[in-house]
Structure formats: C-alpha cells, structure tokens
>>> print(open('target.cif').read())   # mmCIF, C-alpha atoms
data_run
loop_
_atom_site.label_atom_id
_atom_site.label_comp_id
_atom_site.auth_asym_id
_atom_site.auth_seq_id
_atom_site.Cartn_x
_atom_site.Cartn_y
_atom_site.Cartn_z
CA MET W 243 98.09 116.43 130.02
CA LYS W 244 101.02 116.50 127.59
CA ALA W 245 100.05 113.06 126.22
CA HIS W 246 96.61 114.39 125.29
CA GLN W 247 98.07 117.44 123.61
CA SER W 248 100.42 115.41 121.43
CA PHE W 249 98.16 112.42 120.66
CA GLY W 250 96.91 113.81 117.35
CA LYS W 251 100.36 114.95 116.32
CA ARG W 252 101.98 111.61 117.18
CA THR W 253 99.25 109.69 115.38
CA ALA W 254 99.56 111.88 112.28
CA LYS W 255 103.34 111.50 112.31
CA LEU W 256 103.09 107.71 112.59
CA SER W 257 100.49 107.59 109.82
CA LYS W 258 102.73 109.65 107.55
CA HIS W 259 105.70 107.41 108.29
CA ILE W 260 103.70 104.24 107.58
CA ARG W 261 102.41 105.66 104.29
CA LYS W 262 105.94 106.69 103.25
CA LYS W 263 107.33 103.21 104.00
CA LEU W 264 104.37 101.57 102.29
CA ASP W 265 104.94 103.62 99.16
CA GLU W 266 108.69 102.96 99.31
CA LYS W 267 108.49 99.21 99.90
CA ILE W 268 105.44 98.25 97.88
CA VAL W 269 104.24 100.87 95.45
CA ASN W 270 107.50 102.36 94.20
CA ASP W 271 108.71 98.93 93.11
CA GLN W 272 109.26 99.19 89.36
CA THR W 273 107.51 95.85 88.77
CA ILE W 274 104.19 97.32 89.93
CA GLY W 275 104.23 100.30 87.58
CA LEU W 276 101.65 102.35 89.52
CA SER W 277 101.78 105.67 91.29
CA PRO W 278 100.95 105.59 95.02
CA ILE W 279 97.41 106.92 94.46
CA GLN W 280 96.81 104.48 91.60
CA ALA W 281 97.86 101.61 93.91
CA ARG W 282 95.53 102.87 96.65
CA VAL W 283 92.65 103.01 94.18
CA VAL W 284 93.42 99.46 93.02
CA GLY W 285 93.41 98.38 96.68
CA PHE W 286 90.07 100.12 97.24
CA LEU W 287 88.57 98.47 94.17
CA SER W 288 89.70 95.05 95.38
CA HIS W 289 87.71 95.47 98.60
CA HIS W 290 84.49 96.96 97.22
CA GLU W 291 81.95 96.02 94.57
CA LYS W 292 80.15 98.29 92.10
CA VAL W 293 82.57 101.17 92.70
CA THR W 294 81.98 104.35 90.71
CA ALA W 295 84.22 107.35 90.10
CA THR W 296 82.11 109.27 92.64
CA ASP W 297 82.89 106.64 95.29
CA ILE W 298 86.60 107.16 94.65
CA MET W 299 86.20 110.95 94.79
CA ASP W 300 84.45 110.69 98.14
CA THR W 301 86.74 108.07 99.67
CA PHE W 302 90.01 109.74 98.74
CA SER W 303 88.78 113.37 98.81
CA LEU W 304 89.89 113.89 95.23
CA SER W 305 88.56 116.17 92.53
CA LYS W 306 86.64 114.82 89.57
CA SER W 307 89.54 115.65 87.24
CA SER W 308 92.06 113.84 89.47
CA VAL W 309 89.90 110.72 89.61
CA SER W 310 89.38 110.87 85.86
CA GLU W 311 93.15 111.06 85.34
CA ILE W 312 93.79 108.11 87.69
CA LEU W 313 91.11 105.94 86.10
CA SER W 314 92.25 106.83 82.57
CA ALA W 315 95.76 105.68 83.48
CA LEU W 316 94.40 102.40 84.89
CA VAL W 317 92.34 101.84 81.72
CA GLU W 318 95.40 102.60 79.58
CA LYS W 319 97.38 100.01 81.57
CA ASN W 320 94.56 97.51 80.89
CA LEU W 321 93.84 97.09 84.62
CA ILE W 322 90.21 98.24 84.72
CA THR W 323 87.17 98.58 82.52
CA TYR W 324 83.71 100.08 82.97
CA GLU W 325 80.35 98.37 83.09
CA ARG W 326 76.93 100.04 83.15
CA CYS W 327 75.14 99.70 86.49
CA ASP W 328 71.90 97.73 86.41
CA ASP W 329 70.10 100.13 88.75
CA ASP W 330 71.13 103.32 86.91
CA SER W 331 72.27 103.25 83.28
CA ARG W 332 73.98 106.64 83.73
CA LYS W 333 76.41 105.16 86.26
CA ARG W 334 79.40 103.09 85.28
CA ALA W 335 80.87 100.61 87.74
CA ILE W 336 84.61 100.02 87.63
CA GLU W 337 85.65 96.40 87.11
CA PHE W 338 89.06 94.74 87.05
CA THR W 339 90.33 93.19 83.87
CA ASP W 340 92.07 89.80 84.26
CA GLU W 341 95.38 91.66 84.33
CA GLY W 342 94.03 94.07 86.94
CA GLN W 343 92.83 91.20 89.12
CA ILE W 344 96.30 89.61 89.01
CA LEU W 345 97.96 92.89 89.96
CA SER W 346 95.42 93.46 92.74
CA CYS W 347 96.26 90.05 94.23
CA ALA W 348 100.00 90.78 94.01
CA LEU W 349 99.51 94.10 95.79
CA ALA W 350 97.40 92.39 98.49
CA GLU W 351 100.15 89.82 99.11
CA ARG W 352 102.75 92.57 99.45
CA LEU W 353 100.49 94.53 101.78
CA ASP W 354 99.93 91.46 103.96
CA ALA W 355 103.69 90.94 104.24
CA PHE W 356 104.17 94.64 105.05
CA ASN W 357 101.51 94.47 107.77
CA ARG W 358 103.08 91.36 109.32
CA LYS W 359 106.41 93.20 109.55
CA LEU W 360 104.67 96.29 110.92
CA VAL W 361 103.21 94.44 113.93
CA LYS W 362 106.18 92.14 114.52
CA GLY W 363 106.86 91.85 118.24
CA ILE W 364 103.45 93.25 119.27
CA SER W 365 101.22 90.86 121.20
CA GLN W 366 97.65 90.24 120.09
CA GLU W 367 96.50 91.72 123.40
CA ASP W 368 98.39 94.95 122.68
CA LEU W 369 97.03 95.08 119.13
CA ASP W 370 93.48 94.62 120.46
CA THR W 371 94.08 97.54 122.84
CA VAL W 372 95.34 99.74 119.99
CA TYR W 373 92.31 98.85 117.87
CA ARG W 374 89.96 99.70 120.77
CA VAL W 375 91.72 103.06 121.21
CA PHE W 376 91.41 103.74 117.45
CA ASP W 377 87.68 103.02 117.64
CA ILE W 378 87.27 105.44 120.55
CA VAL W 379 89.26 108.15 118.76
CA ARG W 380 87.20 107.64 115.59
CA LYS W 381 84.00 107.95 117.63
CA ASN W 382 85.31 111.12 119.31
CA LEU W 383 86.13 112.60 115.90
CA GLU W 384 82.65 111.81 114.60
CA GLU W 385 81.12 113.53 117.61
CA MET W 386 83.09 116.68 116.76
CA GLU W 387 81.33 117.03 113.40
#
>>> encode(input="target.cif", output="structure tokens")
Amino acid sequence: MKAHQSFGKRTAKLSKHIRKKLDEKIVNDQTIGLSPIQARVVGFLSHHEKVTATDIMDTFSLSKSSVSEILSALVEKNLITYERCDDDSRKRAIEFTDEGQILSCALAERLDAFNRKLVKGISQEDLDTVYRVFDIVRKNLEEME
C-alpha cells in the first residue's frame, strides 16, 4: 500500500530532478543564451508545425502576457518570425529563422545526449515496462477528469 501512496510523490520528485539537471546541463550553458522556458518553447516549436501563441499558452499553461514576453525575446534574438496562417488571416504561425533552426538542432543534439546518459544502464525491456506504466498512469489521470 505504501508504494501506491508515494507513487505520485516519487514521480513528481524524479520529474523535478530531471528538469533541474536538464536546465543545468543544457539550458543554462552560456552558449545557448536562452532561459529554461525559452528553450522549452524552442523545443516545442521544433516538433510541431503551424504553432500559434495560443498553442504555447495551452501546452505550457502560461498566461498570454508570459507567452508574449517569451516570443518577443525569441524575435529579438532573431530566432523566430511570424507568418499569417492560410486558413485564418487573424492567426500568426511561429516560424524559425535560419538562426533559430540552427539553435533548435543544437538543442536537440544536447537533449539526445542527455537522454542517452539518463537511461544508461537500463535495458530496453525495462524501458518498455516504464513506458507502459507511464501510459497506464496517464490513462488513469485522464479518467479522473
């Protein structure tokens, strides 16, 4: 019974520790020049197309003003630009500049290296088990809503 009681707490603690190490090892590197949330937004943009400010607000549970501040900083650093959406001229999709694309690739390489170190010594079978457990927990959480 104790394992069930502490599962959420242990998972949250591990998640916090991973995020702290990720920020420390990848994001806080002076050569990147991004805050942790800016780096996360860049990562999100690299995995999704036609992203809008609203998508970022929803994904990261941020206010409109916070997202505006993050995106303004990324524009100022010449990492992103805006393009009108074909389906709705009121919407503006966020696009990488050439410089932003290069930085996005550099962040992805660092993240891949971090993830390899994170699972070092864990068999593929054990990883598959962890992923199955995560899927079950996610499903259980969705059923609580």
>>> axis_aligned_box(input="target.cif", around="stretch 321-337 of chain W", padding_each_side="4 Å", output="JSON")
{"center_x": 82.0, "center_y": 101.5, "center_z": 85.6, "size_x": 31.7, "size_y": 18.2, "size_z": 14.2}
>>> atom_distance(input="target.cif", atom1="atom CA of W:Ala295", atom2="atom CA of W:Leu349")
21.0 Å
>>> resolve_selection(input="target.cif", expression="the PyMOL selection byres ((chain W and resi 347) around 12)", output="CSV table (one decimal) with C-alpha atoms, keeping the file's coordinate frame")
chain,number,residue,atom,x,y,z
W,274,ILE,CA,104.2,97.3,89.9
W,281,ALA,CA,97.9,101.6,93.9
W,284,VAL,CA,93.4,99.5,93.0
W,285,GLY,CA,93.4,98.4,96.7
W,287,LEU,CA,88.6,98.5,94.2
W,288,SER,CA,89.7,95.0,95.4
W,289,HIS,CA,87.7,95.5,98.6
W,338,PHE,CA,89.1,94.7,87.0
W,340,ASP,CA,92.1,89.8,84.3
W,341,GLU,CA,95.4,91.7,84.3
W,342,GLY,CA,94.0,94.1,86.9
W,343,GLN,CA,92.8,91.2,89.1
W,344,ILE,CA,96.3,89.6,89.0
W,345,LEU,CA,98.0,92.9,90.0
W,346,SER,CA,95.4,93.5,92.7
W,348,ALA,CA,100.0,90.8,94.0
W,349,LEU,CA,99.5,94.1,95.8
W,350,ALA,CA,97.4,92.4,98.5
W,351,GLU,CA,100.2,89.8,99.1
W,352,ARG,CA,102.8,92.6,99.4
W,353,LEU,CA,100.5,94.5,101.8
W,354,ASP,CA,99.9,91.5,104.0
>>> atom_distance(input="target.cif", atom1="atom CA of W:Asp265", atom2="atom CA of W:Ile312")
16.6 Å
>>> resolve_selection(input="target.cif", expression="the PyMOL selection byres ((chain W and resi 317) around 12)", output="list in words")
Gln280, Val284, Ser310, Glu311, Ile312, Leu313, Ser314, Ala315, Leu316, Glu318, Lys319, Asn320, Leu321, Ile322, Thr323, Tyr324, Ile336, Glu337, Phe338, Thr339, Glu341 and Gly342 of chain W
>>> residues_around(input="target.cif", residues="W:Ala335", least_positions_apart="3", cutoff="6 Å", atoms="all atoms listed in the file", output="PyMOL selection string")
chain W and resi 292-294+324-325+327
